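Structure file query.csv with CSV, C-alpha atoms and all ligand atoms:
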```csv
chain,number,residue,atom,x,y,z
P,616,MET,CA,0.0,0.0,0.0
P,617,LYS,CA,1.3,3.5,-0.7
P,618,LEU,CA,1.4,5.4,2.5
P,619,ALA,CA,1.7,9.2,2.9
P,620,ALA,CA,5.3,10.4,2.9
P,621,ARG,CA,4.9,12.0,6.3
P,622,VAL,CA,4.5,8.6,8.0
P,623,LYS,CA,7.8,7.3,6.6
P,624,GLN,CA,9.9,10.0,8.2
P,625,VAL,CA,8.5,9.2,11.6
P,626,THR,CA,10.1,6.7,14.0
P,627,PRO,CA,7.7,4.7,16.2
P,628,SER,CA,7.9,5.4,19.9
P,629,LEU,CA,10.7,3.3,21.3
P,630,THR,CA,9.7,3.9,24.8
P,631,LEU,CA,6.2,2.5,24.2
P,632,ALA,CA,7.8,-0.5,22.3
P,633,ILE,CA,10.1,-1.5,25.1
P,634,ASP,CA,7.4,-1.1,27.7
P,635,ALA,CA,5.2,-3.4,25.6
P,636,LYS,CA,7.9,-6.0,25.4
P,637,ALA,CA,8.5,-6.0,29.1
P,638,LYS,CA,4.8,-6.2,29.8
P,639,ALA,CA,4.5,-9.2,27.4
P,640,MET,CA,7.4,-11.0,29.2
P,641,LYS,CA,5.6,-10.4,32.5
P,642,ARG,CA,2.4,-11.9,31.1
P,643,ASP,CA,4.4,-14.9,30.1
P,644,GLY,CA,5.3,-15.3,33.8
P,645,ILE,CA,8.8,-14.0,33.5
P,646,ASP,CA,10.0,-12.0,36.6
P,647,VAL,CA,10.8,-8.6,35.0
P,648,CYS,CA,12.0,-5.6,36.9
P,649,SER,CA,10.7,-2.7,34.8
P,650,PHE,CA,12.2,0.8,34.9
P,651,SER,CA,10.7,1.7,31.6
P,652,ALA,CA,7.4,3.3,32.5
P,653,GLY,CA,6.9,6.9,31.8
P,654,GLU,CA,4.0,7.1,34.2
P,655,PRO,CA,3.5,7.2,38.0
P,656,ASP,CA,2.7,3.8,39.5
P,657,PHE,CA,0.1,5.3,41.9
P,658,ASP,CA,-3.7,5.0,41.4
P,659,THR,CA,-5.6,8.2,40.7
P,660,PRO,CA,-6.6,9.8,44.1
P,661,ASP,CA,-10.2,8.8,45.1
P,662,HIS,CA,-11.7,12.2,45.2
P,663,ILE,CA,-10.8,12.7,41.5
P,664,LYS,CA,-12.2,9.3,40.6
P,665,LEU,CA,-15.4,10.0,42.5
P,666,ALA,CA,-15.9,13.4,40.8
P,667,ALA,CA,-15.8,11.6,37.4
P,668,VAL,CA,-18.2,8.9,38.6
P,669,ASP,CA,-20.6,11.5,39.9
P,670,ALA,CA,-20.4,13.4,36.6
P,671,LEU,CA,-21.0,10.1,34.7
P,672,MET,CA,-24.0,9.3,36.8
P,673,ALA,CA,-25.3,12.9,36.5
P,674,GLY,CA,-25.4,12.4,32.7
P,675,LYS,CA,-22.2,14.2,31.7
P,676,THR,CA,-22.1,11.8,28.8
P,677,ARG,CA,-22.7,14.0,25.8
P,678,TYR,CA,-20.6,16.1,23.4
P,679,GLY,CA,-19.2,19.3,25.0
P,680,PRO,CA,-17.5,22.3,23.6
P,681,ALA,CA,-14.5,21.3,21.5
P,682,ALA,CA,-12.2,23.5,23.6
P,683,GLY,CA,-13.3,22.0,26.8
P,684,GLU,CA,-15.8,22.4,29.7
P,685,PRO,CA,-15.9,26.1,30.6
P,686,LYS,CA,-15.5,25.3,34.3
P,687,LEU,CA,-12.3,23.3,33.6
P,688,ARG,CA,-10.9,26.1,31.4
P,689,GLU,CA,-11.6,28.5,34.2
P,690,ALA,CA,-10.0,26.3,36.8
P,691,ILE,CA,-6.9,25.9,34.6
P,692,ALA,CA,-6.6,29.7,34.0
P,693,HIS,CA,-6.9,30.1,37.8
P,694,LYS,CA,-4.2,27.5,38.4
P,695,LEU,CA,-1.8,29.2,35.9
P,696,GLN,CA,-2.5,32.5,37.6
P,697,THR,CA,-1.9,31.4,41.2
P,698,ASP,CA,0.8,28.7,40.7
P,699,ASN,CA,2.7,30.2,37.8
P,700,GLN,CA,1.9,34.0,37.7
P,701,LEU,CA,0.6,33.7,34.2
P,702,CYS,CA,-2.3,36.0,33.2
P,703,TYR,CA,-4.4,33.9,31.1
P,704,SER,CA,-8.2,34.0,30.9
P,705,ALA,CA,-10.3,30.9,30.3
P,706,GLU,CA,-10.5,31.7,26.5
P,707,ASN,CA,-6.7,31.3,26.3
P,708,ILE,CA,-7.0,27.7,27.4
P,709,ILE,CA,-7.9,24.6,25.4
P,710,VAL,CA,-8.4,21.2,27.0
P,711,THR,CA,-6.7,18.4,25.0
P,712,ASN,CA,-6.4,14.6,25.1
P,713,GLY,CA,-3.3,14.8,27.2
P,714,GLY,CA,-0.1,16.9,27.0
P,715,LYS,CA,1.0,14.9,24.0
P,716,HIS,CA,-2.1,15.9,22.1
P,717,SER,CA,-1.7,19.6,23.1
P,718,LEU,CA,1.8,19.6,21.7
P,719,TYR,CA,0.7,17.8,18.5
P,720,ASN,CA,-2.1,20.3,17.9
P,721,LEU,CA,0.3,23.2,18.5
P,722,MET,CA,2.6,21.9,15.8
P,723,MET,CA,-0.3,21.5,13.4
P,724,ALA,CA,-1.4,25.0,14.0
P,725,LEU,CA,2.0,26.7,13.9
P,726,ILE,CA,4.5,24.7,11.9
P,727,GLU,CA,4.8,24.2,8.1
P,728,ALA,CA,7.4,23.1,5.6
P,729,GLY,CA,10.6,25.2,6.0
P,730,ASP,CA,10.0,26.1,9.6
P,731,GLU,CA,12.7,25.2,12.1
P,732,VAL,CA,12.0,24.1,15.7
P,733,ILE,CA,14.9,24.0,18.1
P,734,ILE,CA,14.9,21.0,20.4
P,735,PRO,CA,17.7,20.5,23.0
P,736,ALA,CA,18.9,16.9,23.3
P,737,PRO,CA,18.3,14.7,25.3
P,738,PHE,CA,14.7,15.3,24.4
P,739,TRP,CA,11.3,13.7,25.0
P,740,VAL,CA,10.8,11.1,22.2
P,741,SER,CA,7.8,12.7,20.6
P,742,TYR,CA,9.1,16.3,20.0
P,743,PRO,CA,11.1,15.8,16.8
P,744,GLU,CA,8.5,13.3,15.4
P,745,MET,CA,5.6,15.8,15.9
P,746,VAL,CA,7.6,18.5,14.2
P,747,LYS,CA,8.2,16.2,11.3
P,748,LEU,CA,4.5,15.2,11.1
P,749,ALA,CA,3.9,18.9,10.8
P,750,GLU,CA,6.4,19.0,7.9
P,751,GLY,CA,8.8,21.2,9.9
P,752,THR,CA,12.5,20.7,10.5
P,753,PRO,CA,13.6,19.7,14.0
P,754,VAL,CA,16.9,21.4,14.9
P,755,ILE,CA,18.6,19.3,17.6
P,756,VAL,CA,21.1,21.0,19.9
P,757,GLN,CA,23.3,18.6,21.9
P,758,THR,CA,23.7,19.5,25.5
P,759,THR,CA,26.3,18.2,27.8
P,760,ALA,CA,26.5,16.8,31.3
P,761,GLU,CA,28.6,19.8,32.2
P,762,SER,CA,25.6,22.1,31.7
P,763,GLY,CA,23.3,19.5,33.4
P,764,TYR,CA,21.9,18.5,30.0
P,765,LYS,CA,20.4,22.0,29.7
P,766,ILE,CA,20.8,24.2,26.7
P,767,THR,CA,22.8,27.4,27.3
P,768,PRO,CA,21.7,30.8,26.1
P,769,ASP,CA,24.7,30.9,23.7
P,770,GLN,CA,23.8,27.5,22.3
P,771,LEU,CA,20.2,28.6,21.7
P,772,ARG,CA,21.4,31.9,20.1
P,773,GLN,CA,23.7,30.0,17.7
P,774,ALA,CA,20.9,27.6,16.7
P,775,ILE,CA,18.5,30.4,15.7
P,776,THR,CA,18.2,31.2,12.0
P,777,PRO,CA,15.7,33.3,10.0
P,778,LYS,CA,13.6,30.1,9.7
P,779,THR,CA,13.3,29.4,13.4
P,780,ARG,CA,9.7,29.5,14.6
P,781,LEU,CA,9.7,27.8,17.9
P,782,PHE,CA,11.9,26.6,20.8
P,783,ILE,CA,10.8,23.6,23.0
P,784,LEU,CA,11.6,24.0,26.6
P,785,ASN,CA,11.0,21.0,29.0
P,786,SER,CA,11.7,21.6,32.6
P,787,PRO,CA,11.7,19.4,34.7
P,788,SER,CA,12.9,17.3,31.9
P,789,ASN,CA,12.0,13.9,30.6
P,790,PRO,CA,14.4,12.0,30.2
P,791,THR,CA,17.1,13.7,32.3
P,792,GLY,CA,15.1,14.9,35.3
P,793,MET,CA,17.0,18.1,35.3
P,794,VAL,CA,15.4,21.5,36.2
P,795,TYR,CA,16.3,24.9,34.8
P,796,THR,CA,16.9,27.3,37.6
P,797,PRO,CA,15.0,30.6,37.6
P,798,GLU,CA,18.2,32.4,36.5
P,799,GLU,CA,18.6,30.0,33.6
P,800,VAL,CA,15.0,30.4,32.6
P,801,ARG,CA,15.4,34.2,32.6
P,802,ALA,CA,18.5,33.9,30.4
P,803,ILE,CA,16.7,31.8,27.9
P,804,ALA,CA,13.7,34.2,28.0
P,805,GLU,CA,16.1,37.0,27.0
P,806,VAL,CA,17.2,35.1,23.9
P,807,ILE,CA,13.5,34.4,23.0
P,808,VAL,CA,12.7,38.1,23.1
P,809,GLU,CA,15.9,39.3,21.5
P,810,HIS,CA,15.3,37.0,18.4
P,811,ASP,CA,11.6,37.3,18.5
P,812,ILE,CA,10.8,33.5,18.3
P,813,LEU,CA,8.2,31.5,20.1
P,814,VAL,CA,8.7,29.1,23.0
P,815,VAL,CA,6.6,26.2,24.1
P,816,SER,CA,7.1,25.3,27.7
P,817,ASP,CA,6.2,21.7,28.5
P,818,GLU,CA,5.5,21.9,32.2
P,819,ILE,CA,4.0,18.5,32.8
P,820,TYR,CA,6.5,17.7,35.6
P,821,GLU,CA,6.4,21.1,37.4
P,822,LYS,CA,5.0,19.6,40.6
P,823,LEU,CA,7.8,16.9,40.9
P,824,LEU,CA,10.7,18.9,42.3
P,825,TYR,CA,13.4,17.8,44.9
P,826,ASP,CA,16.2,19.3,46.9
P,827,GLY,CA,14.5,22.7,47.0
P,828,ALA,CA,14.5,23.1,43.2
P,829,GLN,CA,12.2,25.9,42.0
P,830,HIS,CA,10.1,25.9,38.8
P,831,LEU,CA,9.8,29.2,37.0
P,832,SER,CA,7.4,29.3,34.1
P,833,ILE,CA,9.1,31.2,31.3
P,834,GLY,CA,6.0,33.2,30.5
P,835,ALA,CA,6.2,34.8,33.9
P,836,VAL,CA,9.6,36.4,33.3
P,837,SER,CA,8.2,39.5,31.4
P,838,SER,CA,5.3,40.6,29.3
P,839,GLU,CA,7.6,40.4,26.2
P,840,VAL,CA,8.3,36.8,26.7
P,841,PHE,CA,4.7,36.0,27.8
P,842,ASP,CA,3.5,37.2,24.4
P,843,ARG,CA,5.8,34.6,22.8
P,844,THR,CA,5.0,31.8,25.2
P,845,ILE,CA,2.8,28.7,24.9
P,846,ILE,CA,2.3,26.5,27.9
P,847,SER,CA,1.6,22.8,27.5
P,848,SER,CA,0.7,20.7,30.5
P,849,GLY,CA,-1.7,18.2,31.8
P,850,PHE,CA,-2.9,16.1,34.7
P,851,ALA,CA,-1.1,12.8,33.9
P,852,LYS,CA,2.0,13.1,36.0
P,853,ALA,CA,1.1,15.3,39.0
P,854,TYR,CA,-2.2,13.6,39.7
P,855,SER,CA,-1.4,10.1,38.4
P,856,MET,CA,-4.0,10.4,35.6
P,857,THR,CA,-2.1,9.1,32.6
P,858,GLY,CA,-5.0,7.0,31.3
P,859,TRP,CA,-7.6,9.7,31.6
P,860,ARG,CA,-6.1,11.7,28.7
P,861,VAL,CA,-6.6,15.2,29.9
P,862,GLY,CA,-4.1,17.9,29.2
P,863,TYR,CA,-4.2,21.5,28.1
P,864,LEU,CA,-2.5,24.3,26.2
P,865,ALA,CA,-2.4,28.0,27.1
P,866,ALA,CA,-1.6,30.4,24.3
P,867,PRO,CA,-2.2,33.8,22.8
P,868,LEU,CA,-5.8,34.0,21.5
P,869,GLU,CA,-5.1,33.9,17.8
P,870,LEU,CA,-3.1,30.7,18.2
P,871,LEU,CA,-5.6,29.2,20.6
P,872,LYS,CA,-8.4,29.7,18.1
P,873,ALA,CA,-6.4,28.0,15.4
P,874,VAL,CA,-5.8,25.0,17.7
P,875,SER,CA,-9.5,24.9,18.6
P,876,ILE,CA,-10.4,24.6,14.9
P,877,ILE,CA,-7.9,21.7,14.4
P,878,GLN,CA,-9.4,20.0,17.5
P,879,GLY,CA,-12.9,20.7,16.4
P,880,HIS,CA,-12.2,18.7,13.2
P,881,SER,CA,-10.2,15.9,14.7
P,882,THR,CA,-11.0,14.8,18.2
P,883,SER,CA,-13.7,17.2,19.3
P,884,ASN,CA,-13.9,17.5,23.1
P,885,VAL,CA,-12.0,15.4,25.6
P,886,CYS,CA,-14.1,12.8,27.3
P,887,THR,CA,-16.7,14.9,29.2
P,888,PHE,CA,-16.8,13.1,32.5
P,889,ALA,CA,-13.0,12.8,32.6
P,890,GLN,CA,-12.9,16.6,32.5
P,891,TYR,CA,-14.9,16.7,35.7
P,892,GLY,CA,-12.2,14.5,37.3
P,893,ALA,CA,-9.7,17.1,36.2
P,894,ILE,CA,-11.8,19.9,37.8
P,895,ALA,CA,-11.7,18.0,41.1
P,896,ALA,CA,-8.0,17.5,40.8
P,897,LEU,CA,-7.4,21.3,40.5
P,898,GLU,CA,-10.1,22.4,43.0
P,899,GLY,CA,-9.5,19.7,45.6
P,900,SER,CA,-6.8,19.4,48.2
P,901,GLN,CA,-3.3,19.2,46.8
P,902,ASP,CA,-2.1,16.9,49.6
P,903,CYS,CA,-2.2,13.9,47.2
P,904,VAL,CA,0.4,15.6,44.9
P,905,GLU,CA,2.7,16.2,47.8
P,906,GLN,CA,2.3,12.6,49.1
P,907,MET,CA,3.3,11.2,45.7
P,908,ARG,CA,6.2,13.7,45.5
P,909,LEU,CA,7.5,12.6,48.8
P,910,ALA,CA,7.3,8.9,47.8
P,911,PHE,CA,9.2,9.8,44.6
P,912,ALA,CA,11.8,11.7,46.7
P,913,ASP,CA,12.5,8.6,48.8
P,914,ARG,CA,12.9,6.4,45.8
P,915,ARG,CA,15.1,8.8,44.1
P,916,GLN,CA,17.5,8.8,47.0
P,917,VAL,CA,17.6,5.0,47.1
P,918,ILE,CA,18.1,4.5,43.4
P,919,LEU,CA,20.8,7.2,43.2
P,920,ASN,CA,22.8,5.6,46.0
P,921,LEU,CA,22.5,2.2,44.5
P,922,VAL,CA,23.4,3.3,40.9
P,923,ASN,CA,26.3,5.5,41.9
P,924,ALA,CA,27.8,2.5,43.7
P,925,ILE,CA,28.1,0.6,40.4
P,926,PRO,CA,31.6,1.0,38.9
P,927,GLY,CA,31.4,2.0,35.2
P,928,LEU,CA,28.2,4.0,35.4
P,929,THR,CA,27.9,7.7,36.0
P,930,CYS,CA,24.8,9.7,36.7
P,931,LEU,CA,24.1,13.3,37.7
P,932,THR,CA,21.6,14.0,40.5
P,933,PRO,CA,18.3,15.1,38.9
P,934,ASN,CA,16.1,17.4,40.9
P,935,GLY,CA,12.8,16.9,39.1
P,936,ALA,CA,10.4,14.4,37.4
P,937,PHE,CA,11.0,10.6,38.1
P,938,TYR,CA,13.9,9.6,35.9
P,939,ILE,CA,17.6,9.2,36.3
P,940,PHE,CA,19.8,9.4,33.2
P,941,ILE,CA,22.9,7.3,33.3
P,942,ASN,CA,26.0,7.6,31.2
P,943,ILE,CA,27.1,4.2,29.9
P,944,SER,CA,29.9,5.4,27.6
P,945,LYS,CA,32.6,3.6,29.6
P,946,LEU,CA,31.0,0.3,28.5
P,947,GLY,CA,31.5,0.9,24.8
P,948,MET,CA,28.1,-0.3,23.8
P,949,SER,CA,25.2,1.4,22.1
P,950,SER,CA,22.3,2.1,24.3
P,951,LEU,CA,20.1,-0.3,22.3
P,952,GLU,CA,22.6,-3.1,22.7
P,953,PHE,CA,22.9,-2.4,26.4
P,954,CYS,CA,19.1,-2.4,27.0
P,955,ASP,CA,18.5,-5.5,24.8
P,956,GLY,CA,21.2,-7.5,26.6
P,957,LEU,CA,19.9,-6.3,30.0
P,958,LEU,CA,16.3,-7.3,29.3
P,959,ASN,CA,17.4,-10.7,27.9
P,960,GLU,CA,20.0,-11.6,30.4
P,961,GLN,CA,18.7,-10.0,33.6
P,962,GLN,CA,15.1,-9.3,32.8
P,963,VAL,CA,15.4,-5.6,33.6
P,964,ALA,CA,13.6,-3.2,31.3
P,965,LEU,CA,14.8,0.4,30.8
P,966,ILE,CA,14.9,2.8,27.9
P,967,PRO,CA,17.9,3.2,25.6
P,968,GLY,CA,19.1,6.8,25.4
P,969,ILE,CA,19.0,6.7,21.6
P,970,ALA,CA,15.2,7.2,21.9
P,971,PHE,CA,16.1,10.6,23.4
P,972,GLY,CA,18.9,11.6,21.1
P,973,ALA,CA,21.6,10.4,23.6
P,974,ASP,CA,23.0,7.0,22.5
P,975,ASP,CA,25.6,6.9,25.3
P,976,HIS,CA,22.9,7.0,28.0
P,977,ILE,CA,20.0,5.0,29.4
P,978,ARG,CA,16.9,6.2,31.2
P,979,LEU,CA,15.6,4.6,34.4
P,980,SER,CA,12.2,5.6,35.7
P,981,TYR,CA,11.8,5.2,39.4
P,982,ALA,CA,8.0,5.3,39.2
P,983,THR,CA,8.0,1.9,40.7
P,984,ASP,CA,8.1,0.2,44.1
P,985,MET,CA,11.1,0.1,46.4
P,986,THR,CA,11.5,-3.7,46.1
P,987,THR,CA,11.7,-3.5,42.3
P,988,ILE,CA,14.2,-0.7,42.6
P,989,GLU,CA,16.4,-2.7,44.9
P,990,ARG,CA,16.2,-6.0,43.0
P,991,GLY,CA,16.4,-4.4,39.6
P,992,VAL,CA,19.5,-2.3,40.4
P,993,ASP,CA,21.2,-5.4,41.8
P,994,ARG,CA,20.6,-7.1,38.5
P,995,LEU,CA,21.8,-4.0,36.6
P,996,ALA,CA,25.0,-4.1,38.7
P,997,ALA,CA,25.5,-7.8,37.8
P,998,TYR,CA,25.0,-7.0,34.1
P,999,VAL,CA,27.4,-4.1,34.1
P,1000,LYS,CA,30.0,-6.2,36.0
P,1001,SER,CA,29.8,-9.0,33.4
P,1002,ARG,CA,30.5,-6.4,30.6
P,1003,PHE,CA,33.1,-4.3,32.2
Q,1,LIG,C1,4.2,12.3,29.9
Q,1,LIG,C2,4.7,13.5,29.1
Q,1,LIG,C3,3.8,14.4,28.4
Q,1,LIG,C4,2.3,14.2,28.2
Q,1,LIG,O1,1.7,13.1,28.6
Q,1,LIG,P1,0.1,13.0,28.5
Q,1,LIG,O2,-0.1,11.7,29.1
Q,1,LIG,O3,-0.2,13.1,27.0
Q,1,LIG,O4,-0.5,14.1,29.2
Q,1,LIG,C5,4.3,15.5,27.8
Q,1,LIG,N1,5.6,15.8,27.9
Q,1,LIG,C6,6.5,15.0,28.5
Q,1,LIG,C7,7.9,15.4,28.5
Q,1,LIG,C8,6.1,13.9,29.2
Q,1,LIG,O5,6.9,13.1,29.8
```
Exercise: express the given structure as structure tokens:
Amino acid sequence: MKLAARVKQVTPSLTLAIDAKAKAMKRDGIDVCSFSAGEPDFDTPDHIKLAAVDALMAGKTRYGPAAGEPKLREAIAHKLQTDNQLCYSAENIIVTNGGKHSLYNLMMALIEAGDEVIIPAPFWVSYPEMVKLAEGTPVIVQTTAESGYKITPDQLRQAITPKTRLFILNSPSNPTGMVYTPEEVRAIAEVIVEHDILVVSDEIYEKLLYDGAQHLSIGAVSSEVFDRTIISSGFAKAYSMTGWRVGYLAAPLELLKAVSIIQGHSTSNVCTFAQYGAIAALEGSQDCVEQMRLAFADRRQVILNLVNAIPGLTCLTPNGAFYIFINISKLGMSSLEFCDGLLNEQQVALIPGIAFGADDHIRLSYATDMTTIERGVDRLAAYVKSRF
């Protein structure tokens, strides 16, 4: 069959593929320790589930406005105002089928052939592929461990050309777990304004911070940068709602309207009663977010201690999200070779760095229980020892 050219340029999601292989092995009764998940292992808090059940029973089962339930758009605008000092009104918000969908819609509304989108590597797997689906050109900028895998203002400046439309900022980062400091965000904001480009800030992990790290939303730096900012976020990571598929985009009105048109002709509204769960997430107590954060903080400490004790592996201390990013260059293997061998020989699943544009690294997600962390890292140590 002749398929559209755009499909051929796109790489299938490696993270989803490895996670699927590990799950299939588990179904076959194999004792797999999995660090591959890109999602919290907690159940959604009860008050959120109950709000959705109530909405379902109250008949919130029909089509709603494509841009989202007005009450949810208002609650999101209020959240962005109080948590992030961003002055959006409800009409600047669109509710999407997850943060992934909000970014995809943004690319569709903004990017066309010839447009360049600057993406620092290591990057979240879907960024370059979404840009390609929109027929734009991803411009990958390699960062280093020395800068904490964060792009420097100079690197950004050098990557900008007359064709640059958009810069993708993701802090806290998936896959590195690193967080841009407020000073670093301000310095990036300066470059955005100086060169008059747009920035999309993917803030899906903003609530998962450790060691006193602070999240500054780039749009809050100045009104000049606010006018050039798009915020993408969602409920999946902070509230353990990955399967609910609720995210959002906040943007200048003209762009928001364009995204609404695209959504109106593709997915229409997000599942109506799921949106009522999201309203409860924002309006209810935030204690559940803090409880999950504290659990992640404990696991992070344990996994870092264990991994740093393995000769041959090096790893920076991340202060956000739920990932650690390990340098495997001393082993002289590609990341795919490393992960394949590890899954086959020790039944440990993790994600090869090549998926994120960093072939000398691997990503471990510690969104799993302590027992798995301890047993899995033991096996990782045995594997590394056998190769080193
Ligand atoms: C998980 C994730 C998202 C969005 O996830 P959804 O489930 O679609 O809300 C967006 N960006 C990054 C970096 C992520 O890790």
Chain P near ligand LIG 1 (chain Q) within 9 Å: what's each residue's closest atom pair and its distance in Å to one decimal, counting all atoms listed in the file, ordered by chain then ascending residue number, as a tab-separated table?
```
residue	atom	partner	partner_atom	distance
P:Gly653	CA	Q:LIG1	C1	6.3
P:Glu654	CA	Q:LIG1	C1	6.8
P:Thr711	CA	Q:LIG1	O3	8.6
P:Asn712	CA	Q:LIG1	O3	6.7
P:Gly713	CA	Q:LIG1	O4	3.5
P:Gly714	CA	Q:LIG1	O4	3.6
P:Lys715	CA	Q:LIG1	O3	3.7
P:His716	CA	Q:LIG1	O3	6.0
P:Ser717	CA	Q:LIG1	O3	7.7
P:Leu718	CA	Q:LIG1	C5	7.8
P:Phe738	CA	Q:LIG1	C7	7.9
P:Trp739	CA	Q:LIG1	C7	5.2
P:Val740	CA	Q:LIG1	C7	8.2
P:Ser741	CA	Q:LIG1	N1	8.2
P:Tyr742	CA	Q:LIG1	C7	8.6
P:Asn785	CA	Q:LIG1	C7	6.4
P:Ser786	CA	Q:LIG1	C7	8.3
P:Pro787	CA	Q:LIG1	C7	8.3
P:Ser788	CA	Q:LIG1	C7	6.3
P:Asn789	CA	Q:LIG1	C7	4.8
P:Pro790	CA	Q:LIG1	C7	7.5
P:Asp817	CA	Q:LIG1	N1	6.0
P:Glu818	CA	Q:LIG1	N1	7.5
P:Ile819	CA	Q:LIG1	N1	5.8
P:Tyr820	CA	Q:LIG1	O5	7.4
P:Ser847	CA	Q:LIG1	C5	7.8
P:Ser848	CA	Q:LIG1	O4	6.8
P:Gly849	CA	Q:LIG1	O4	5.0
P:Phe850	CA	Q:LIG1	O4	6.3
P:Ala851	CA	Q:LIG1	O4	4.9
P:Lys852	CA	Q:LIG1	C1	6.5
P:Met856	CA	Q:LIG1	O2	7.7
P:Thr857	CA	Q:LIG1	O2	4.8
P:Gly858	CA	Q:LIG1	O2	7.1
P:Trp859	CA	Q:LIG1	O2	8.2
P:Arg860	CA	Q:LIG1	O2	6.0
P:Val861	CA	Q:LIG1	O4	6.2
P:Gly862	CA	Q:LIG1	O4	5.2
P:Tyr863	CA	Q:LIG1	O4	8.3
P:Ala936	CA	Q:LIG1	O5	8.5
```
Non-local contacts of stretch 626-640 of chain P (8 Å; all atoms listed in the file; under 2 positions in same chain excluded) as a PDB file with C-alpha atoms, in the frame of the given file:
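Below is the file that was written, part.pdb:
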```pdb
ATOM      1  CA  LYS P 623       7.800   7.300   6.600  1.00  0.00           C
ATOM      2  CA  GLN P 624       9.900  10.000   8.200  1.00  0.00           C
ATOM      3  CA  ARG P 642       2.400 -11.900  31.100  1.00  0.00           C
ATOM      4  CA  ASP P 643       4.400 -14.900  30.100  1.00  0.00           C
ATOM      5  CA  GLY P 644       5.300 -15.300  33.800  1.00  0.00           C
ATOM      6  CA  ILE P 645       8.800 -14.000  33.500  1.00  0.00           C
ATOM      7  CA  ASP P 646      10.000 -12.000  36.600  1.00  0.00           C
ATOM      8  CA  VAL P 647      10.800  -8.600  35.000  1.00  0.00           C
ATOM      9  CA  SER P 649      10.700  -2.700  34.800  1.00  0.00           C
ATOM     10  CA  SER P 651      10.700   1.700  31.600  1.00  0.00           C
ATOM     11  CA  ALA P 652       7.400   3.300  32.500  1.00  0.00           C
ATOM     12  CA  VAL P 740      10.800  11.100  22.200  1.00  0.00           C
ATOM     13  CA  SER P 741       7.800  12.700  20.600  1.00  0.00           C
ATOM     14  CA  GLU P 744       8.500  13.300  15.400  1.00  0.00           C
ATOM     15  CA  LEU P 958      16.300  -7.300  29.300  1.00  0.00           C
ATOM     16  CA  ALA P 964      13.600  -3.200  31.300  1.00  0.00           C
ATOM     17  CA  LEU P 965      14.800   0.400  30.800  1.00  0.00           C
ATOM     18  CA  ILE P 966      14.900   2.800  27.900  1.00  0.00           C
ATOM     19  CA  ALA P 970      15.200   7.200  21.900  1.00  0.00           C
TER      20      ALA P 970
END
```
With distances taken over only C-alpha atoms, the candidate from P:Phe937, P:Val756, P:Phe953, P:Thr676 nearest P:Val794 is P:Phe937
Computed gap from atom CA of P:Met722 to atom CA of P:Arg621 is 13.9 Å
Report as a short mmCIF file (atom, residue, chain, number, x, y, z; two decimals) with C-alpha atoms, in the frame of the given file all protein, DNA and RNA residues lying within 12 Å of P:Val754, evaluated on all atoms listed in the file, omitting residues in the same chain fewer than 5 positions from it.
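Final output, part.cif:
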```cif
data_model
loop_
_atom_site.label_atom_id
_atom_site.label_comp_id
_atom_site.auth_asym_id
_atom_site.auth_seq_id
_atom_site.Cartn_x
_atom_site.Cartn_y
_atom_site.Cartn_z
CA GLY P 729 10.60 25.20 6.00
CA ASP P 730 10.00 26.10 9.60
CA GLU P 731 12.70 25.20 12.10
CA VAL P 732 12.00 24.10 15.70
CA ILE P 733 14.90 24.00 18.10
CA ILE P 734 14.90 21.00 20.40
CA PRO P 735 17.70 20.50 23.00
CA ALA P 736 18.90 16.90 23.30
CA PHE P 738 14.70 15.30 24.40
CA TYR P 742 9.10 16.30 20.00
CA PRO P 743 11.10 15.80 16.80
CA GLU P 744 8.50 13.30 15.40
CA VAL P 746 7.60 18.50 14.20
CA LYS P 747 8.20 16.20 11.30
CA GLN P 770 23.80 27.50 22.30
CA LEU P 771 20.20 28.60 21.70
CA GLN P 773 23.70 30.00 17.70
CA ALA P 774 20.90 27.60 16.70
CA ILE P 775 18.50 30.40 15.70
CA THR P 776 18.20 31.20 12.00
CA LYS P 778 13.60 30.10 9.70
CA THR P 779 13.30 29.40 13.40
CA ARG P 780 9.70 29.50 14.60
CA LEU P 781 9.70 27.80 17.90
CA PHE P 782 11.90 26.60 20.80
CA ILE P 783 10.80 23.60 23.00
CA GLY P 972 18.90 11.60 21.10
#
```
Atom CA of P:Arg994 to atom CA of P:Leu957 measures 8.6 Å
At a cut-off of 12 Å around the point (0.7, 29.9, 33.4) (file coordinates), what residues fall inside when counting all atoms listed in the file? I'd like the answer as a ChimeraX atom specification.
/P:690-705,707-708,815-819,821,830-836,841-842,844-848,863-867
Q) Got a sec: who's within 12 Å of P:Asp984, counting only C-alpha atoms, leaving out chain neighbours fewer than 6 positions off, as a list in words? A) Cys648, Ser649, Phe650, Pro655, Asp656, Phe657, Ala910, Phe911, Asp913, Arg914, Arg915, Val917, Ile918, Arg990 and Gly991 of chain P
Would you mind exporting the chosen residues as a CSV table (one decimal), keeping the file's coordinate frame, restricted to C-alpha atoms?
```csv
chain,number,residue,atom,x,y,z
P,648,CYS,CA,12.0,-5.6,36.9
P,649,SER,CA,10.7,-2.7,34.8
P,650,PHE,CA,12.2,0.8,34.9
P,655,PRO,CA,3.5,7.2,38.0
P,656,ASP,CA,2.7,3.8,39.5
P,657,PHE,CA,0.1,5.3,41.9
P,910,ALA,CA,7.3,8.9,47.8
P,911,PHE,CA,9.2,9.8,44.6
P,913,ASP,CA,12.5,8.6,48.8
P,914,ARG,CA,12.9,6.4,45.8
P,915,ARG,CA,15.1,8.8,44.1
P,917,VAL,CA,17.6,5.0,47.1
P,918,ILE,CA,18.1,4.5,43.4
P,990,ARG,CA,16.2,-6.0,43.0
P,991,GLY,CA,16.4,-4.4,39.6
```
